[in-house]
Every structure is written in structure tokens, then in C-alpha cells.
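J.: Below you'll find run_2.cif; it's mmCIF, C-alpha atoms.
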data_coords
loop_
_atom_site.label_atom_id
_atom_site.label_comp_id
_atom_site.auth_asym_id
_atom_site.auth_seq_id
_atom_site.Cartn_x
_atom_site.Cartn_y
_atom_site.Cartn_z
CA MET J 492 -1.05 -10.02 -22.78
CA ALA J 493 2.31 -8.36 -22.24
CA VAL J 494 3.09 -7.16 -18.70
CA ILE J 495 5.67 -4.35 -18.34
CA VAL J 496 6.81 -2.86 -15.02
CA THR J 497 8.61 0.50 -15.04
CA GLY J 498 10.80 2.19 -12.44
CA ASP J 499 14.47 2.61 -11.60
CA GLU J 500 13.62 1.87 -7.97
CA VAL J 501 12.08 -1.54 -8.70
CA VAL J 502 14.14 -4.72 -8.21
CA ASP J 503 13.28 -8.40 -8.63
CA PRO J 504 11.44 -9.99 -5.69
CA HIS J 505 14.40 -12.23 -4.78
CA VAL J 506 16.78 -9.24 -4.54
CA ARG J 507 17.29 -7.48 -1.22
CA PRO J 508 16.34 -3.83 -1.87
CA GLY J 509 19.03 -1.22 -1.40
CA PRO J 510 18.51 2.44 -0.50
CA ALA J 511 15.54 3.96 -2.40
CA GLN J 512 14.63 0.57 -3.90
CA ILE J 513 11.53 -1.60 -3.62
CA ARG J 514 10.75 -5.16 -4.63
CA ASN J 515 8.66 -5.76 -7.74
CA ALA J 516 5.17 -6.43 -6.39
CA ASN J 517 3.23 -5.34 -9.48
CA GLY J 518 4.78 -7.77 -11.95
CA PRO J 519 3.81 -11.00 -10.15
CA ALA J 520 0.43 -9.56 -9.11
CA LEU J 521 -0.48 -8.52 -12.67
CA LEU J 522 0.71 -11.81 -14.15
CA ALA J 523 -1.52 -13.64 -11.67
CA ALA J 524 -4.45 -11.30 -12.37
CA VAL J 525 -4.20 -11.89 -16.12
CA HIS J 526 -4.17 -15.64 -15.50
CA GLU J 527 -7.18 -15.39 -13.15
CA ALA J 528 -9.06 -13.53 -15.90
CA GLY J 529 -8.42 -16.37 -18.34
CA GLY J 530 -5.57 -14.75 -20.26
CA ALA J 531 -2.00 -15.76 -21.01
CA ALA J 532 0.67 -13.31 -19.85
CA SER J 533 4.18 -12.59 -21.12
CA ASP J 534 6.54 -11.10 -18.53
CA PHE J 535 8.55 -8.26 -20.09
CA GLY J 536 10.31 -7.61 -16.80
CA ILE J 537 11.37 -4.29 -15.27
CA VAL J 538 12.04 -1.29 -17.51
CA SER J 539 14.18 1.63 -16.31
CA ASP J 540 12.91 5.22 -16.22
CA ASP J 541 14.45 6.21 -19.52
CA PRO J 542 12.42 7.55 -22.48
CA GLY J 543 14.19 5.41 -25.08
CA VAL J 544 14.18 2.23 -23.00
CA THR J 545 10.49 2.71 -22.18
CA ARG J 546 9.62 3.29 -25.84
CA ASP J 547 11.65 0.27 -26.97
CA ALA J 548 9.99 -2.07 -24.46
CA ILE J 549 6.50 -0.97 -25.47
CA GLY J 550 7.51 -1.22 -29.13
CA ARG J 551 8.63 -4.83 -28.66
CA ALA J 552 5.32 -5.68 -27.04
CA LEU J 553 3.39 -3.97 -29.83
CA GLY J 554 5.44 -5.88 -32.38
CA GLY J 555 4.52 -9.23 -30.89
CA SER J 556 1.31 -11.20 -31.08
CA HIS J 557 -0.24 -9.71 -27.95
CA ASP J 558 -3.89 -8.71 -27.86
CA ALA J 559 -3.23 -6.28 -25.02
CA ILE J 560 -0.43 -4.66 -23.03
CA VAL J 561 -0.53 -3.61 -19.39
CA LEU J 562 2.12 -1.37 -17.84
CA SER J 563 2.58 -0.27 -14.25
CA GLY J 564 4.24 3.01 -13.32
CA GLY J 565 5.32 5.95 -15.41
CA VAL J 566 1.79 7.21 -16.12
CA SER J 567 1.62 10.18 -13.76
CA ALA J 568 2.91 13.71 -14.39
CA GLY J 569 6.35 13.43 -12.78
CA ASP J 570 9.75 14.12 -14.31
CA PHE J 571 10.39 10.39 -14.80
CA ASP J 572 6.97 9.36 -16.14
CA PHE J 573 7.55 8.57 -19.83
CA VAL J 574 4.83 6.05 -20.71
CA GLU J 575 2.27 8.45 -22.15
CA LYS J 576 4.84 10.17 -24.38
CA ALA J 577 6.23 6.82 -25.55
CA LEU J 578 2.76 5.59 -26.47
CA GLY J 579 2.15 8.70 -28.54
CA GLU J 580 5.46 8.28 -30.38
CA LEU J 581 4.52 4.67 -31.18
CA GLY J 582 1.24 5.64 -32.80
CA VAL J 583 -1.04 4.67 -29.93
CA THR J 584 -4.29 6.64 -29.78
CA LEU J 585 -4.94 7.65 -26.17
CA HIS J 586 -8.58 7.60 -25.12
CA VAL J 587 -8.17 8.02 -21.33
CA THR J 588 -5.36 9.74 -19.43
CA ALA J 589 -6.84 9.83 -15.90
CA VAL J 590 -9.78 8.45 -13.97
CA ARG J 591 -11.66 9.95 -11.04
CA VAL J 592 -11.15 7.08 -8.63
CA LYS J 593 -9.05 6.46 -5.54
CA PRO J 594 -6.76 4.62 -5.47
CA GLY J 595 -5.72 4.87 -9.09
CA ALA J 596 -6.26 8.35 -10.61
CA PRO J 597 -3.19 8.11 -12.91
CA PHE J 598 -4.48 5.70 -15.54
CA VAL J 599 -3.97 5.52 -19.31
CA PHE J 600 -5.92 3.60 -21.92
CA GLY J 601 -5.10 3.59 -25.61
CA THR J 602 -5.31 1.52 -28.76
CA ARG J 603 -3.17 0.82 -31.79
CA GLY J 604 -5.10 -1.18 -34.31
CA ASP J 605 -6.75 -4.01 -32.43
CA THR J 606 -4.26 -3.92 -29.55
CA LEU J 607 -5.41 -2.51 -26.22
CA ILE J 608 -2.89 -0.71 -24.02
CA PHE J 609 -3.46 -0.06 -20.31
CA GLY J 610 -1.14 2.10 -18.20
CA LEU J 611 -1.67 1.55 -14.47
CA PRO J 612 -0.24 3.48 -11.51
CA GLY J 613 2.96 2.28 -9.91
CA ASN J 614 1.62 2.05 -6.36
CA PRO J 615 0.70 -1.62 -5.92
CA VAL J 616 -2.81 -1.23 -4.50
CA SER J 617 -3.64 1.35 -7.18
CA ALA J 618 -2.38 -1.05 -9.85
CA GLN J 619 -4.44 -3.95 -8.52
CA VAL J 620 -7.61 -1.89 -8.11
CA THR J 621 -7.45 -0.32 -11.57
CA PHE J 622 -6.71 -3.71 -13.12
CA ASP J 623 -9.79 -5.16 -11.47
CA LEU J 624 -11.99 -2.21 -12.45
CA PHE J 625 -10.85 -1.65 -16.04
CA VAL J 626 -8.48 -4.31 -17.38
CA ARG J 627 -10.15 -7.48 -16.12
CA PRO J 628 -13.56 -6.63 -17.68
CA ALA J 629 -11.87 -5.86 -21.00
CA LEU J 630 -10.00 -9.18 -21.00
CA LEU J 631 -13.18 -11.11 -20.20
CA ARG J 632 -15.09 -9.24 -22.90
CA MET J 633 -12.35 -9.99 -25.45
CA GLN J 634 -12.81 -13.67 -24.65
CA GLY J 635 -16.53 -13.45 -25.39
CA ALA J 636 -17.74 -13.63 -21.79
CA ALA J 637 -21.43 -12.87 -21.45
CA SER J 638 -20.80 -11.43 -17.97
CA PHE J 639 -17.60 -9.48 -17.44
CA LEU J 640 -18.32 -7.20 -14.46
CA ARG J 641 -18.14 -8.39 -10.88
CA PRO J 642 -21.69 -8.14 -9.41
CA SER J 643 -21.99 -5.37 -6.83
CA PHE J 644 -24.04 -5.82 -3.66
CA GLU J 645 -24.74 -4.04 -0.39
CA ALA J 646 -23.74 -4.70 3.19
CA THR J 647 -24.02 -3.05 6.59
CA LEU J 648 -20.90 -1.31 7.83
CA ASP J 649 -19.42 -2.41 11.15
CA GLY J 650 -17.27 0.72 11.40
CA PRO J 651 -16.97 4.20 9.88
CA LEU J 652 -15.40 5.08 6.53
CA GLN J 653 -14.06 8.41 5.26
CA ASN J 654 -13.69 9.80 1.73
CA ARG J 655 -11.57 12.94 1.56
CA SER J 656 -10.58 12.59 -2.08
CA GLN J 657 -13.56 14.09 -3.98
CA ARG J 658 -13.28 10.98 -6.16
CA ARG J 659 -15.02 7.62 -6.16
CA ASN J 660 -13.17 5.90 -3.35
CA TYR J 661 -12.67 2.14 -3.10
CA LEU J 662 -11.90 1.19 0.49
CA PRO J 663 -10.84 -2.29 1.72
CA VAL J 664 -13.34 -4.21 3.83
CA GLU J 665 -13.82 -7.75 5.09
CA VAL J 666 -17.31 -9.06 4.30
CA ARG J 667 -18.97 -11.83 6.27
CA ARG J 668 -22.47 -13.23 6.42
CA GLU J 669 -24.35 -12.95 9.72
CA ALA J 670 -27.89 -13.84 10.80
CA ASP J 671 -29.26 -10.45 9.69
CA GLY J 672 -27.38 -10.34 6.38
CA LEU J 673 -24.00 -9.24 5.06
CA HIS J 674 -21.69 -7.09 7.17
CA ALA J 675 -18.54 -5.22 6.10
CA ARG J 676 -15.73 -4.51 8.53
CA PRO J 677 -13.45 -1.65 7.41
CA ILE J 678 -9.77 -2.54 7.26
CA ARG J 679 -7.36 0.14 8.39
CA THR J 680 -5.09 1.10 5.51
CA GLN J 681 -2.08 3.36 5.09
CA GLY J 682 -2.92 4.12 1.47
CA SER J 683 -2.11 2.87 -2.00
CA GLY J 684 1.13 1.21 -0.91
CA ASP J 685 -0.47 -0.88 1.83
CA THR J 686 -0.56 -4.28 0.17
CA VAL J 687 -1.20 -6.02 3.50
CA ALA J 688 -4.52 -4.21 4.02
CA HIS J 689 -5.53 -4.95 0.44
CA ALA J 690 -4.63 -8.63 0.84
CA LEU J 691 -6.83 -8.87 3.94
CA ALA J 692 -9.85 -7.47 2.08
CA ASN J 693 -12.36 -9.57 0.16
CA ALA J 694 -14.29 -6.54 -1.14
CA LEU J 695 -14.01 -2.80 -1.68
CA ALA J 696 -16.58 -0.37 -0.29
CA LEU J 697 -17.62 2.37 -2.71
CA LEU J 698 -18.00 5.95 -1.53
CA GLU J 699 -19.02 8.32 -4.32
CA PRO J 700 -17.39 11.78 -4.55
CA ASP J 701 -20.37 13.46 -2.88
CA ARG J 702 -20.36 11.01 0.04
CA THR J 703 -17.60 12.11 2.36
CA SER J 704 -18.27 9.53 5.05
CA ALA J 705 -20.31 6.49 6.03
CA ALA J 706 -21.12 5.70 9.64
CA SER J 707 -21.24 2.33 11.33
CA GLY J 708 -24.62 0.76 10.67
CA GLU J 709 -25.08 2.43 7.29
CA ARG J 710 -25.43 0.50 4.05
CA VAL J 711 -22.70 0.70 1.41
CA VAL J 712 -22.27 -0.70 -2.08
CA LEU J 713 -19.45 -3.24 -2.36
CA HIS J 714 -17.23 -4.36 -5.21
CA PRO J 715 -16.21 -7.99 -4.55
CA LEU J 716 -12.60 -9.03 -4.99
CA SER J 717 -13.28 -12.78 -5.00
CA SER J 718 -15.69 -14.87 -6.98
CA PHE J 719 -16.96 -16.62 -3.83
CA LEU J 720 -18.53 -13.31 -2.79
CA GLU J 721 -21.00 -13.31 -5.67
CA VAL J 722 -24.42 -13.13 -4.05
#
What's the C-alpha cells form of this structure?
T.:
Amino acid sequence: MAVIVTGDEVVDPHVRPGPAQIRNANGPALLAAVHEAGGAASDFGIVSDDPGVTRDAIGRALGGSHDAIVLSGGVSAGDFDFVEKALGELGVTLHVTAVRVKPGAPFVFGTRGDTLIFGLPGNPVSAQVTFDLFVRPALLRMQGAASFLRPSFEATLDGPLQNRSQRRNYLPVEVRREADGLHARPIRTQGSGDTVAHALANALALLEPDRTSAASGERVVLHPLSSFLEV
């Protein structure tokens, strides 16, 4: 799988960011996620927000021996989001251009021949969540796995949750087993850039679009983030 990170503001992790810059969190995280899913990843590095450069990088990946390509950034509707246009110019058939989830609404999925192409949001938590929801199952299925979805389960909330997005919301929680069963403690988060909150979570609580809140003591469905949580 080829991993491509886009964005003029993104610099290598060892570089001290300057004004309006941010370290590359998505590249290492996606490389690790591909490995965890049993795949082999090729790091295509950071690609600048330029239509030609973006198209050339994707073209090189398509010209290689990769079964799939995953990109982060450049998939929204901003002035510097060129991934979707580049994919179209390269003959990629787009099947999905957005998903009704939070975090992660800007999401692209396409195919060219047998190659799968995934375009993930640039915000790091959004990229990690959409990888886990959509890319990881595809990679496992491509490897012939009989089970490729993480098993969902329920737990009792130890604090309130809010969903103001009118989308399926995945909220970070810490799950632990107590005498009366599984409990989920909500983790305070600042949004899709809060990698610390996401790193502290071992599951995501699901609130459907029609469920605007969940009170402490209520039951919620959870999406595990670690295999040890399979119950």
C-alpha cells in the first residue's frame, strides 16, 4: 500500500515547525496502521498543495505494484484540495466523495482497475478514525480474512456525551471491566486535531445522528480500537 501525505503546512516529524506549519503525524500513523492490518506500506512522503505535484505523486503510486493507495489531506472542498480532481484526471472511478460520520466527513474512495484508492481527511484524528472504519476492513478482506470488522459491544457510560453534528459521531472513551460489567469513561477532546485524547482512548462510543446526547448511566455501542477489547 502506498501512503501519501499532502499539505504545504506539513513538515517531517524531526523538523521544528515554523509559522503555519505542523509536524507530519498522519504519515507515521498510517504506515503503522497498514502494518497492524497485515499490509506492507511504501512511504511516498509529503506532497505539496499543487495540482500537478499531487497528480504526479498519485500517478507514481498507481504505476507501481501497489494493491491500494491511501492519501491524507486534500479531499475537502477548499481552494487547495486537489486530490479528487487529480484522481479523476488519472482515470480513477470515484464511488464515495463524503461520509456522514464525525470525525471524518471528507472522505474519498475510488478504484482504477484492481487498485483501491482511499482519500482521508488531513486532521489526524479524522484520518485515524476513517482508516479504522473503512481502510482497515478493506485491507483485511483483500488478504482473505474471514473476519474483517472489529466486533462492537456495549458498555455503561460513566459520564455524559453530546452529538451536535447530525452525523454518526465516534467519541473517544476509556473502557474498563468492573464487577457489574463494562464501563466507558468519556475522554474530553478538543476535536479532530486532538491526538492526545485519541491516544488515551481504547474505544469509540457511537452516537447515531438522531441521538443528540447520552447521559451517565446509559448504555452505548462501542467500536474497539484495540484487539484486546474484543469481548
J.: Within 12 Å of segment 592-611 of chain J, which residues of segment 655-688 of chain J come that close, and what is the closest atom pair and distance in Å for each? Count all atoms listed in the file and give it as JSON lines.
T.:
{"residue": "J:Arg655", "atom": "CA", "partner": "J:Lys593", "partner_atom": "CA", "distance": 9.9}
{"residue": "J:Ser656", "atom": "CA", "partner": "J:Lys593", "partner_atom": "CA", "distance": 7.2}
{"residue": "J:Gln657", "atom": "CA", "partner": "J:Val592", "partner_atom": "CA", "distance": 8.8}
{"residue": "J:Arg658", "atom": "CA", "partner": "J:Val592", "partner_atom": "CA", "distance": 5.1}
{"residue": "J:Arg659", "atom": "CA", "partner": "J:Val592", "partner_atom": "CA", "distance": 4.6}
{"residue": "J:Asn660", "atom": "CA", "partner": "J:Lys593", "partner_atom": "CA", "distance": 4.7}
{"residue": "J:Tyr661", "atom": "CA", "partner": "J:Lys593", "partner_atom": "CA", "distance": 6.1}
{"residue": "J:Leu662", "atom": "CA", "partner": "J:Lys593", "partner_atom": "CA", "distance": 8.5}
{"residue": "J:Pro663", "atom": "CA", "partner": "J:Pro594", "partner_atom": "CA", "distance": 10.8}
{"residue": "J:Thr680", "atom": "CA", "partner": "J:Pro594", "partner_atom": "CA", "distance": 11.7}
{"residue": "J:Gln681", "atom": "CA", "partner": "J:Pro594", "partner_atom": "CA", "distance": 11.6}
{"residue": "J:Gly682", "atom": "CA", "partner": "J:Pro594", "partner_atom": "CA", "distance": 7.9}
{"residue": "J:Ser683", "atom": "CA", "partner": "J:Pro594", "partner_atom": "CA", "distance": 6.1}
{"residue": "J:Gly684", "atom": "CA", "partner": "J:Pro594", "partner_atom": "CA", "distance": 9.7}
{"residue": "J:Asp685", "atom": "CA", "partner": "J:Pro594", "partner_atom": "CA", "distance": 11.1}
J.: Near Gly708 of chain J, within 12 Å and counting only C-alpha atoms, which residues show up once chain neighbours fewer than 2 positions away are dropped, as a list in words?
T.: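 After dropping sequence-adjacent residues, the list is Ala646, Thr647, Leu648, Asp649, Gly650, Pro651, Leu652, Leu673, His674, Ala675, Arg676, Pro677, Ala705, Ala706, Arg710 and Val711 of chain J.
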J.: For the selection just defined, write its residues with C-alpha atoms to a file, as a PDB file, in the coordinates of the input.
T.:
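Here's the written file selection.pdb:
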ATOM      1  CA  ALA J 646     -23.740  -4.700   3.190  1.00  0.00           C
ATOM      2  CA  THR J 647     -24.020  -3.050   6.590  1.00  0.00           C
ATOM      3  CA  LEU J 648     -20.900  -1.310   7.830  1.00  0.00           C
ATOM      4  CA  ASP J 649     -19.420  -2.410  11.150  1.00  0.00           C
ATOM      5  CA  GLY J 650     -17.270   0.720  11.400  1.00  0.00           C
ATOM      6  CA  PRO J 651     -16.970   4.200   9.880  1.00  0.00           C
ATOM      7  CA  LEU J 652     -15.400   5.080   6.530  1.00  0.00           C
ATOM      8  CA  LEU J 673     -24.000  -9.240   5.060  1.00  0.00           C
ATOM      9  CA  HIS J 674     -21.690  -7.090   7.170  1.00  0.00           C
ATOM     10  CA  ALA J 675     -18.540  -5.220   6.100  1.00  0.00           C
ATOM     11  CA  ARG J 676     -15.730  -4.510   8.530  1.00  0.00           C
ATOM     12  CA  PRO J 677     -13.450  -1.650   7.410  1.00  0.00           C
ATOM     13  CA  ALA J 705     -20.310   6.490   6.030  1.00  0.00           C
ATOM     14  CA  ALA J 706     -21.120   5.700   9.640  1.00  0.00           C
ATOM     15  CA  ARG J 710     -25.430   0.500   4.050  1.00  0.00           C
ATOM     16  CA  VAL J 711     -22.700   0.700   1.410  1.00  0.00           C
TER      17      VAL J 711
END
J.: Smallest atom-to-atom distance to Val544 of chain J: which of J:Val574, J:Ala559, J:Val712, J:Ala531, using all atoms listed in the file?
T.: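 With all atoms listed in the file as the atom set, the closest residue is J:Val574.
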J.: Do you know which residues are at most 9 Å from Asn693 of chain J counting only C-alpha atoms, after dropping those on the same chain fewer than 5 positions away, and could you put them as a list in words?
T.: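 Answer for this query is Pro663, Val664, Glu665, Val666, His714, Pro715, Leu716, Ser717 and Leu720 of chain J.
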J.: With distances taken over only C-alpha atoms, which residue among J:Gly613, J:His586, J:Phe571, J:Asp541 lies nearest Arg514 of chain J?
T.: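 Between J:Gly613, J:His586, J:Phe571, J:Asp541, the residue approaching Arg514 of chain J most closely is J:Gly613.
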J.: Point out the residue among J:Leu553, J:Ala688, J:Ala516, J:Ile678 with the least atom-to-atom distance to Gly582 of chain J, counting only C-alpha atoms.
T.: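 Nearest candidate to Gly582 of chain J out of J:Leu553, J:Ala688, J:Ala516, J:Ile678: J:Leu553.
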J.: Just say which residues the PyMOL selection byres ((chain J and resi 512) around 12) picks in this file, as a VMD selection string.
T.: chain J and resid 498 to 504 506 to 511 513 to 515
J.: Tell me which of J:Thr584, J:Asn517, J:Ser539, J:Ser638 sits closest to Asn614 of chain J, counting all atoms listed in the file.
T.: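 Among J:Thr584, J:Asn517, J:Ser539, J:Ser638, it is J:Asn517 that comes nearest to Asn614 of chain J.
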J.: State, in Å with one decimal place, the distance from atom CA of Arg591 of chain J to atom CA of Arg546 of chain J.
T.: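 One can read the atom CA of Arg591 of chain J to atom CA of Arg546 of chain J distance as 26.8 Å.
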J.: Using all atoms listed in the file, which residue out of J:Ser567, J:Thr686, J:Thr588, J:Ser556 lies closest to Gln619 of chain J?
T.: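 Counting all atoms listed in the file, the residue closest to Gln619 of chain J is J:Thr686.
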J.: Name the residues that the PyMOL selection byres ((chain J and resi 563) around 8) pulls out of this structure, and write them as a VMD selection string.
T.: chain J and resid 495 to 497 517 561 to 562 564 to 566 610 to 613 618
J.: Just give me the residues with any atom within 12 Å of (-2.8, -11.8, -12.7), file coordinates, counting all atoms listed in the file, written as a ChimeraX atom specification.
T.: /J:492-494,516-534,561,618-620,622-623,626-627,630
J.: Measuring between all atoms listed in the file, which one of J:Ala670, J:Leu695, J:Gly569, J:Pro628 shows the shortest distance to Phe644 of chain J?
T.: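 Closest to Phe644 of chain J of all the choices is J:Leu695.
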J.: Hey, can you check how far atom CA of Gly550 of chain J sits from atom CA of Gly536 of chain J?
T.: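 Spanning atom CA of Gly550 of chain J to atom CA of Gly536 of chain J is a straight-line distance of 14.2 Å.
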J.: Rounded to one decimal place, report the atom CA of Val587 of chain J-atom CA of Arg702 of chain J distance in Å.
T.: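 The value is 24.8 Å.
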